[in-house]
Amino acid sequence: MKKLFIAVPLALCASVAVADELQAKVEEMMLNSFKANGIASLDRQKQDEIQQACSSPTPPDAATMQRLQAAEMAKIQWPADGNYTGGDWKEGQKIAASGRGLTWTDKTPNNNGGGCYNCHAMDPNEVSEGTIGPSLEGYAKLRGNGEEIVKYTWGKLWNSKAYHACSDMPRNGYGGILTEAQIRHVMAFLFDPASPVNQ
């Protein structure tokens with residue numbers, strides 16, 4: 001019985017060492033497999049703390065999640081003029097439907113799109129909508145346009161990790177996927193009563 005108690009920790013240590021070695025090989029392979037091209041640079045392979053925690057085989061514990069979310073909340077850039085929804089919903093619709101953005105063939109980080117339809121239903125007439133995220137049909141119609149929901153929506157678009165550290169939704173504003181002006185257009189698409197989202 002004594003030998004069993006000694007063998008089990010040794011086996012666990014060996015498996016952890018093998019896993020660490022495998023992880024190091026994977027990281028080396030990733031670094032060697034990709035080349036910088038256009039605006040797609042190799043710095044995209046560097047994970048920040050939240051990406052490391054959320055791609056770990058063991059999900060972060062509650063305290064870590066709270067700490068990470070608080071740090072992400074501090075990264076949200078709120079509109080300086082307080083204008084959250086003053087964009088053009090038609091432009092927001094184009095951004096939501098566009099899958100362009102941050103690829104090596106793009107000339108700058110600003111000729112991008114949101115790709116919102118990849119994960120969400122928004123316009124009830126859309127023929128190709130995603131189901132990974134919740135449906136956003138009737139967004140403002142169902143939720144209203146009070147200060148709390150408007151501010152939450154802006155924050156979620158800017159940095160989704162502030163509300164759920166391991167959210168699948170990209171950090172659109174913080175990650176440079178969408179500019180402040182583009183987010184304002186998407187906000188209009190979600191909140192404007194004339195938008196097809198709210199019909």
# chains A, B, ... in the order shown; residues from 1 in each chain; ligands from 1
$ residues_around --residues "range 43-48 of chain A" --least-positions-apart "3" --cutoff "12 Å" --atoms "only C-alpha atoms" --output "list in words"
Glu27, Glu28, Met29, Met30, Leu31, Asn32, Ser33, Phe34, Lys35, Ala36, Asn37, Ile39, Ala40, Gln51, Gln52, Ala53, Cys54, Ser55, Ser56, Leu68, Ala71, Glu72, Leu102, Thr103, Trp104, Gly175 and Gly176 of chain A
$ residues_around --residues "range 80-94 of chain A" --least-positions-apart "2" --cutoff "9 Å" --atoms "only C-alpha atoms" --output "PDB file with N, CA, C and O atoms, in the first residue's frame"
ATOM      1  N   GLN A  77     -13.567  51.633 -23.527  1.00  0.00           N
ATOM      2  CA  GLN A  77     -13.496  53.062 -23.856  1.00  0.00           C
ATOM      3  C   GLN A  77     -14.918  53.537 -24.124  1.00  0.00           C
ATOM      4  O   GLN A  77     -15.525  53.188 -25.127  1.00  0.00           O
ATOM      5  N   TRP A  78     -15.451  54.309 -23.200  1.00  0.00           N
ATOM      6  CA  TRP A  78     -16.815  54.834 -23.342  1.00  0.00           C
ATOM      7  C   TRP A  78     -16.765  56.056 -24.251  1.00  0.00           C
ATOM      8  O   TRP A  78     -15.755  56.763 -24.278  1.00  0.00           O
ATOM      9  N   ALA A  96     -22.545  44.772 -39.461  1.00  0.00           N
ATOM     10  CA  ALA A  96     -22.969  43.496 -38.857  1.00  0.00           C
ATOM     11  C   ALA A  96     -22.911  42.354 -39.858  1.00  0.00           C
ATOM     12  O   ALA A  96     -22.619  41.205 -39.499  1.00  0.00           O
ATOM     13  N   ALA A  97     -23.171  42.668 -41.123  1.00  0.00           N
ATOM     14  CA  ALA A  97     -23.193  41.630 -42.165  1.00  0.00           C
ATOM     15  C   ALA A  97     -21.818  41.358 -42.755  1.00  0.00           C
ATOM     16  O   ALA A  97     -21.597  40.307 -43.356  1.00  0.00           O
ATOM     17  N   SER A  98     -20.893  42.286 -42.581  1.00  0.00           N
ATOM     18  CA  SER A  98     -19.583  42.151 -43.213  1.00  0.00           C
ATOM     19  C   SER A  98     -18.677  41.213 -42.433  1.00  0.00           C
ATOM     20  O   SER A  98     -18.522  41.345 -41.223  1.00  0.00           O
ATOM     21  N   GLY A 113     -15.064  44.739 -40.725  1.00  0.00           N
ATOM     22  CA  GLY A 113     -16.483  44.524 -40.479  1.00  0.00           C
ATOM     23  C   GLY A 113     -16.681  43.768 -39.190  1.00  0.00           C
ATOM     24  O   GLY A 113     -15.734  43.249 -38.602  1.00  0.00           O
ATOM     25  N   GLY A 114     -17.921  43.685 -38.780  1.00  0.00           N
ATOM     26  CA  GLY A 114     -18.216  43.052 -37.499  1.00  0.00           C
ATOM     27  C   GLY A 114     -18.460  41.561 -37.579  1.00  0.00           C
ATOM     28  O   GLY A 114     -18.150  40.823 -36.657  1.00  0.00           O
ATOM     29  N   ASP A 123     -31.648  40.820 -37.907  1.00  0.00           N
ATOM     30  CA  ASP A 123     -32.754  41.222 -38.777  1.00  0.00           C
ATOM     31  C   ASP A 123     -33.597  39.978 -39.069  1.00  0.00           C
ATOM     32  O   ASP A 123     -33.074  38.990 -39.578  1.00  0.00           O
ATOM     33  N   VAL A 150     -28.284  50.475 -22.604  1.00  0.00           N
ATOM     34  CA  VAL A 150     -27.481  51.114 -23.655  1.00  0.00           C
ATOM     35  C   VAL A 150     -26.000  51.035 -23.284  1.00  0.00           C
ATOM     36  O   VAL A 150     -25.160  50.641 -24.102  1.00  0.00           O
ATOM     37  N   LYS A 151     -25.672  51.369 -22.047  1.00  0.00           N
ATOM     38  CA  LYS A 151     -24.276  51.335 -21.606  1.00  0.00           C
ATOM     39  C   LYS A 151     -23.752  49.894 -21.600  1.00  0.00           C
ATOM     40  O   LYS A 151     -22.605  49.636 -22.010  1.00  0.00           O
ATOM     41  N   TRP A 154     -22.980  48.858 -25.237  1.00  0.00           N
ATOM     42  CA  TRP A 154     -21.727  49.463 -25.704  1.00  0.00           C
ATOM     43  C   TRP A 154     -20.532  48.704 -25.114  1.00  0.00           C
ATOM     44  O   TRP A 154     -19.596  48.336 -25.831  1.00  0.00           O
ATOM     45  N   ALA A 181     -16.575  54.755 -34.097  1.00  0.00           N
ATOM     46  CA  ALA A 181     -17.650  55.156 -35.013  1.00  0.00           C
ATOM     47  C   ALA A 181     -18.423  53.935 -35.506  1.00  0.00           C
ATOM     48  O   ALA A 181     -19.659  53.971 -35.593  1.00  0.00           O
ATOM     49  N   GLN A 182     -17.725  52.860 -35.804  1.00  0.00           N
ATOM     50  CA  GLN A 182     -18.401  51.648 -36.265  1.00  0.00           C
ATOM     51  C   GLN A 182     -19.280  51.047 -35.166  1.00  0.00           C
ATOM     52  O   GLN A 182     -20.391  50.586 -35.439  1.00  0.00           O
ATOM     53  N   ILE A 183     -18.791  51.070 -33.945  1.00  0.00           N
ATOM     54  CA  ILE A 183     -19.603  50.547 -32.833  1.00  0.00           C
ATOM     55  C   ILE A 183     -20.859  51.400 -32.666  1.00  0.00           C
ATOM     56  O   ILE A 183     -21.947  50.887 -32.419  1.00  0.00           O
ATOM     57  N   ARG A 184     -20.725  52.706 -32.844  1.00  0.00           N
ATOM     58  CA  ARG A 184     -21.901  53.584 -32.745  1.00  0.00           C
ATOM     59  C   ARG A 184     -22.934  53.229 -33.817  1.00  0.00           C
ATOM     60  O   ARG A 184     -24.137  53.240 -33.566  1.00  0.00           O
ATOM     61  N   HIS A 185     -22.469  52.859 -35.014  1.00  0.00           N
ATOM     62  CA  HIS A 185     -23.393  52.439 -36.077  1.00  0.00           C
ATOM     63  C   HIS A 185     -24.083  51.113 -35.710  1.00  0.00           C
ATOM     64  O   HIS A 185     -25.290  50.963 -35.919  1.00  0.00           O
ATOM     65  N   VAL A 186     -23.324  50.177 -35.161  1.00  0.00           N
ATOM     66  CA  VAL A 186     -23.919  48.898 -34.745  1.00  0.00           C
ATOM     67  C   VAL A 186     -24.922  49.135 -33.617  1.00  0.00           C
ATOM     68  O   VAL A 186     -25.992  48.511 -33.573  1.00  0.00           O
ATOM     69  N   MET A 187     -24.601  50.055 -32.717  1.00  0.00           N
ATOM     70  CA  MET A 187     -25.535  50.411 -31.636  1.00  0.00           C
ATOM     71  C   MET A 187     -26.836  50.942 -32.230  1.00  0.00           C
ATOM     72  O   MET A 187     -27.930  50.586 -31.776  1.00  0.00           O
ATOM     73  N   ALA A 188     -26.730  51.789 -33.251  1.00  0.00           N
ATOM     74  CA  ALA A 188     -27.935  52.311 -33.905  1.00  0.00           C
ATOM     75  C   ALA A 188     -28.723  51.173 -34.538  1.00  0.00           C
ATOM     76  O   ALA A 188     -29.963  51.149 -34.471  1.00  0.00           O
ATOM     77  N   PHE A 189     -28.035  50.215 -35.137  1.00  0.00           N
ATOM     78  CA  PHE A 189     -28.702  49.055 -35.730  1.00  0.00           C
ATOM     79  C   PHE A 189     -29.489  48.284 -34.673  1.00  0.00           C
ATOM     80  O   PHE A 189     -30.601  47.810 -34.930  1.00  0.00           O
ATOM     81  N   LEU A 190     -28.957  48.216 -33.469  1.00  0.00           N
ATOM     82  CA  LEU A 190     -29.636  47.487 -32.390  1.00  0.00           C
ATOM     83  C   LEU A 190     -30.744  48.302 -31.714  1.00  0.00           C
ATOM     84  O   LEU A 190     -31.722  47.731 -31.240  1.00  0.00           O
ATOM     85  N   PHE A 191     -30.607  49.643 -31.674  1.00  0.00           N
ATOM     86  CA  PHE A 191     -31.532  50.452 -30.886  1.00  0.00           C
ATOM     87  C   PHE A 191     -32.489  51.322 -31.673  1.00  0.00           C
ATOM     88  O   PHE A 191     -33.555  51.682 -31.167  1.00  0.00           O
ATOM     89  N   ASP A 192     -32.150  51.691 -32.900  1.00  0.00           N
ATOM     90  CA  ASP A 192     -33.017  52.605 -33.646  1.00  0.00           C
ATOM     91  C   ASP A 192     -34.363  51.915 -33.926  1.00  0.00           C
ATOM     92  O   ASP A 192     -34.398  50.790 -34.439  1.00  0.00           O
ATOM     93  N   ALA A 194     -36.343  52.430 -36.239  1.00  0.00           N
ATOM     94  CA  ALA A 194     -36.526  52.221 -37.673  1.00  0.00           C
ATOM     95  C   ALA A 194     -35.714  51.033 -38.200  1.00  0.00           C
ATOM     96  O   ALA A 194     -35.934  50.558 -39.296  1.00  0.00           O
ATOM     97  N   SER A 195     -34.757  50.565 -37.390  1.00  0.00           N
ATOM     98  CA  SER A 195     -33.906  49.448 -37.811  1.00  0.00           C
ATOM     99  C   SER A 195     -34.751  48.176 -37.972  1.00  0.00           C
ATOM    100  O   SER A 195     -35.663  47.933 -37.178  1.00  0.00           O
ATOM    101  N   PRO A 196     -34.425  47.340 -38.947  1.00  0.00           N
ATOM    102  CA  PRO A 196     -35.160  46.073 -39.114  1.00  0.00           C
ATOM    103  C   PRO A 196     -35.042  45.172 -37.881  1.00  0.00           C
ATOM    104  O   PRO A 196     -35.898  44.311 -37.665  1.00  0.00           O
TER     105      PRO A 196
END
$ select_by_dssp --residues "range 27-134 of chain A" --states "alpha helix (DSSP H)" --output "JSON, numbers by chain"
{"A": [27, 28, 29, 30, 31, 32, 33, 49, 50, 51, 52, 53, 54, 62, 63, 64, 65, 66, 67, 68, 69, 70, 71, 72, 73, 89, 90, 91, 92, 93, 94, 95, 96, 97]}
$ residues_around --residues "Lys161 in chain A" --least-positions-apart "6" --cutoff "12 Å" --atoms "only C-alpha atoms" --output "list of chain:residue names"
A:Glu49, A:Ile50, A:Gln51, A:Ala53, A:Cys54, A:Met65, A:Gln66, A:Arg67, A:Leu68, A:Gln69, A:Ala70, A:Ala71, A:Glu72, A:Met73, A:Ala74, A:Lys75, A:Ile76, A:Gly155, A:Ser167, A:Asp168, A:Met169, A:Pro170, A:Arg171, A:Asn172, A:Gly173, A:Tyr174, A:Gly175
$ write_last_selection --atoms "C-alpha atoms" --output "mmCIF file, in the first residue's frame"
data_model
loop_
_atom_site.group_PDB
_atom_site.id
_atom_site.type_symbol
_atom_site.label_atom_id
_atom_site.label_comp_id
_atom_site.auth_asym_id
_atom_site.auth_seq_id
_atom_site.Cartn_x
_atom_site.Cartn_y
_atom_site.Cartn_z
ATOM 1 C CA GLU A 49 -3.633 36.845 -19.353
ATOM 2 C CA ILE A 50 -7.329 36.380 -20.066
ATOM 3 C CA GLN A 51 -6.671 34.417 -23.261
ATOM 4 C CA ALA A 53 -6.679 31.550 -18.585
ATOM 5 C CA CYS A 54 -9.614 30.817 -20.879
ATOM 6 C CA MET A 65 -12.922 35.181 -13.370
ATOM 7 C CA GLN A 66 -13.967 38.182 -11.278
ATOM 8 C CA ARG A 67 -10.429 39.597 -11.236
ATOM 9 C CA LEU A 68 -10.019 39.152 -14.995
ATOM 10 C CA GLN A 69 -13.436 40.698 -15.731
ATOM 11 C CA ALA A 70 -12.665 43.710 -13.541
ATOM 12 C CA ALA A 71 -9.416 44.249 -15.457
ATOM 13 C CA GLU A 72 -11.268 43.977 -18.789
ATOM 14 C CA MET A 73 -13.988 46.379 -17.595
ATOM 15 C CA ALA A 74 -11.286 48.997 -17.026
ATOM 16 C CA LYS A 75 -10.277 48.647 -20.711
ATOM 17 C CA ILE A 76 -13.664 49.708 -22.078
ATOM 18 C CA GLY A 155 -19.493 47.777 -23.137
ATOM 19 C CA SER A 167 -16.994 34.725 -23.657
ATOM 20 C CA ASP A 168 -16.723 33.505 -27.261
ATOM 21 C CA MET A 169 -17.582 37.007 -28.454
ATOM 22 C CA PRO A 170 -14.586 39.008 -29.716
ATOM 23 C CA ARG A 171 -13.374 42.171 -28.000
ATOM 24 C CA ASN A 172 -14.479 44.342 -30.916
ATOM 25 C CA GLY A 173 -13.394 47.769 -29.718
ATOM 26 C CA TYR A 174 -10.512 46.785 -27.474
ATOM 27 C CA GLY A 175 -9.207 44.343 -30.077
#
$ residues_around --residues "Asn118 in chain A" --least-positions-apart "6" --cutoff "9 Å" --atoms "only C-alpha atoms" --output "list in words"
Ala96, Ala97, Gly99, Ser128, Glu129, Gly130, Thr131, Ile132 and Gly133 of chain A
$ atom_distance --atom1 "CA of Pro59 in chain A" --atom2 "CA of Ala165 in chain A"
10.3 Å
$ closest_residue --among "A:Asp20, A:Cys166, A:Thr179, A:Lys25" --to "Pro60 in chain A" --atoms "only C-alpha atoms"
A:Cys166
$ residues_around --residues "Gly101 in chain A" --least-positions-apart "5" --cutoff "9 Å" --atoms "only C-alpha atoms" --output "number ranges by chain"
A: 106, 108-115, 177-178
$ residues_around --residues "Ser135 in chain A" --least-positions-apart "5" --cutoff "9 Å" --atoms "only C-alpha atoms" --output "CSV table (one decimal) with all heavy atoms, in the first residue's frame"
chain,number,residue,atom,x,y,z
A,119,CYS,N,-22.7,34.8,-35.6
A,119,CYS,CA,-23.1,34.2,-34.3
A,119,CYS,C,-24.5,34.6,-33.9
A,119,CYS,O,-25.1,33.9,-33.1
A,119,CYS,CB,-22.1,34.7,-33.3
A,119,CYS,SG,-20.5,34.2,-33.5
A,120,HIS,N,-25.1,35.7,-34.4
A,120,HIS,CA,-26.4,36.2,-34.0
A,120,HIS,C,-27.4,36.3,-35.1
A,120,HIS,O,-27.1,36.6,-36.2
A,120,HIS,CB,-26.2,37.6,-33.3
A,120,HIS,CG,-25.3,37.6,-32.2
A,120,HIS,ND1,-25.6,37.2,-30.9
A,120,HIS,CD2,-24.0,38.1,-32.1
A,120,HIS,CE1,-24.6,37.4,-30.1
A,120,HIS,NE2,-23.6,38.0,-30.8
A,121,ALA,N,-28.7,36.1,-34.7
A,121,ALA,CA,-29.8,36.5,-35.5
A,121,ALA,C,-30.1,38.0,-35.1
A,121,ALA,O,-30.1,38.3,-33.9
A,121,ALA,CB,-31.0,35.7,-35.2
A,122,MET,N,-30.3,38.8,-36.1
A,122,MET,CA,-30.6,40.3,-35.8
A,122,MET,C,-31.8,40.7,-36.6
A,122,MET,O,-32.8,41.0,-36.0
A,122,MET,CB,-29.3,41.1,-36.2
A,122,MET,CG,-28.1,40.6,-35.3
A,122,MET,SD,-26.6,41.5,-35.8
A,122,MET,CE,-26.8,43.0,-34.8
A,130,GLY,N,-26.4,33.4,-37.5
A,130,GLY,CA,-25.8,32.5,-36.7
A,130,GLY,C,-26.6,32.1,-35.5
A,130,GLY,O,-27.6,32.8,-35.1
$ decode --residues "range 25-48 of chain A" --atoms "N, CA, C and O atoms" --output "CSV table (one decimal), in the first residue's frame"
chain,number,residue,atom,x,y,z
A,25,LYS,N,6.0,22.4,-27.3
A,25,LYS,CA,6.2,22.0,-28.7
A,25,LYS,C,5.1,22.6,-29.6
A,25,LYS,O,5.4,23.0,-30.7
A,26,VAL,N,3.9,22.6,-29.1
A,26,VAL,CA,2.8,23.2,-29.8
A,26,VAL,C,3.0,24.7,-30.1
A,26,VAL,O,2.8,25.2,-31.2
A,27,GLU,N,3.4,25.4,-29.0
A,27,GLU,CA,3.7,26.8,-29.1
A,27,GLU,C,4.8,27.1,-30.1
A,27,GLU,O,4.7,28.0,-30.9
A,28,GLU,N,5.8,26.3,-30.0
A,28,GLU,CA,7.0,26.4,-31.0
A,28,GLU,C,6.5,26.2,-32.4
A,28,GLU,O,6.9,26.9,-33.3
A,29,MET,N,5.7,25.2,-32.6
A,29,MET,CA,5.2,24.9,-34.0
A,29,MET,C,4.3,26.0,-34.5
A,29,MET,O,4.4,26.4,-35.6
A,30,MET,N,3.5,26.6,-33.6
A,30,MET,CA,2.6,27.7,-34.0
A,30,MET,C,3.5,28.9,-34.4
A,30,MET,O,3.2,29.5,-35.5
A,31,LEU,N,4.5,29.2,-33.7
A,31,LEU,CA,5.4,30.3,-34.0
A,31,LEU,C,6.1,30.1,-35.3
A,31,LEU,O,6.3,31.1,-36.1
A,32,ASN,N,6.5,28.9,-35.6
A,32,ASN,CA,7.3,28.6,-36.8
A,32,ASN,C,6.4,28.4,-38.0
A,32,ASN,O,6.9,28.5,-39.1
A,33,SER,N,5.1,28.2,-37.8
A,33,SER,CA,4.2,27.9,-38.9
A,33,SER,C,3.6,29.2,-39.6
A,33,SER,O,3.1,29.1,-40.7
A,34,PHE,N,3.6,30.3,-38.8
A,34,PHE,CA,3.0,31.5,-39.3
A,34,PHE,C,4.0,32.5,-39.7
A,34,PHE,O,5.0,32.7,-39.0
A,35,LYS,N,3.7,33.3,-40.7
A,35,LYS,CA,4.6,34.4,-41.1
A,35,LYS,C,3.8,35.7,-41.1
A,35,LYS,O,2.6,35.7,-41.5
A,36,ALA,N,4.4,36.8,-40.8
A,36,ALA,CA,3.8,38.1,-40.8
A,36,ALA,C,3.5,38.4,-42.3
A,36,ALA,O,4.3,38.1,-43.2
A,37,ASN,N,2.3,39.0,-42.5
A,37,ASN,CA,1.9,39.3,-43.9
A,37,ASN,C,0.9,40.5,-43.8
A,37,ASN,O,-0.2,40.4,-43.2
A,38,GLY,N,1.3,41.6,-44.4
A,38,GLY,CA,0.4,42.8,-44.4
A,38,GLY,C,0.2,43.2,-43.0
A,38,GLY,O,1.1,43.3,-42.2
A,39,ILE,N,-1.1,43.5,-42.6
A,39,ILE,CA,-1.4,43.9,-41.3
A,39,ILE,C,-1.5,42.8,-40.3
A,39,ILE,O,-1.7,43.0,-39.1
A,40,ALA,N,-1.4,41.5,-40.8
A,40,ALA,CA,-1.5,40.4,-39.9
A,40,ALA,C,-0.1,40.1,-39.4
A,40,ALA,O,0.7,39.4,-40.1
A,41,SER,N,0.2,40.6,-38.2
A,41,SER,CA,1.6,40.4,-37.6
A,41,SER,C,1.6,39.3,-36.6
A,41,SER,O,0.6,38.8,-36.2
A,42,LEU,N,2.8,38.8,-36.3
A,42,LEU,CA,3.0,37.7,-35.4
A,42,LEU,C,2.6,38.0,-34.0
A,42,LEU,O,2.4,37.1,-33.2
A,43,ASP,N,2.4,39.3,-33.6
A,43,ASP,CA,2.0,39.6,-32.3
A,43,ASP,C,0.6,39.0,-31.9
A,43,ASP,O,0.2,38.9,-30.8
A,44,ARG,N,-0.1,38.6,-33.0
A,44,ARG,CA,-1.5,38.0,-32.7
A,44,ARG,C,-1.4,36.7,-32.1
A,44,ARG,O,-2.3,36.2,-31.5
A,45,GLN,N,-0.2,36.1,-32.1
A,45,GLN,CA,0.0,34.8,-31.5
A,45,GLN,C,0.2,34.9,-29.9
A,45,GLN,O,0.2,33.9,-29.2
A,46,LYS,N,0.6,36.1,-29.5
A,46,LYS,CA,0.8,36.3,-28.1
A,46,LYS,C,-0.5,36.4,-27.3
A,46,LYS,O,-1.2,37.3,-27.6
A,47,GLN,N,-0.7,35.5,-26.4
A,47,GLN,CA,-1.9,35.6,-25.6
A,47,GLN,C,-1.7,36.5,-24.4
A,47,GLN,O,-0.7,36.4,-23.7
A,48,ASP,N,-2.7,37.3,-24.1
A,48,ASP,CA,-2.7,38.0,-22.8
A,48,ASP,C,-3.2,37.1,-21.7
A,48,ASP,O,-3.6,36.0,-21.9
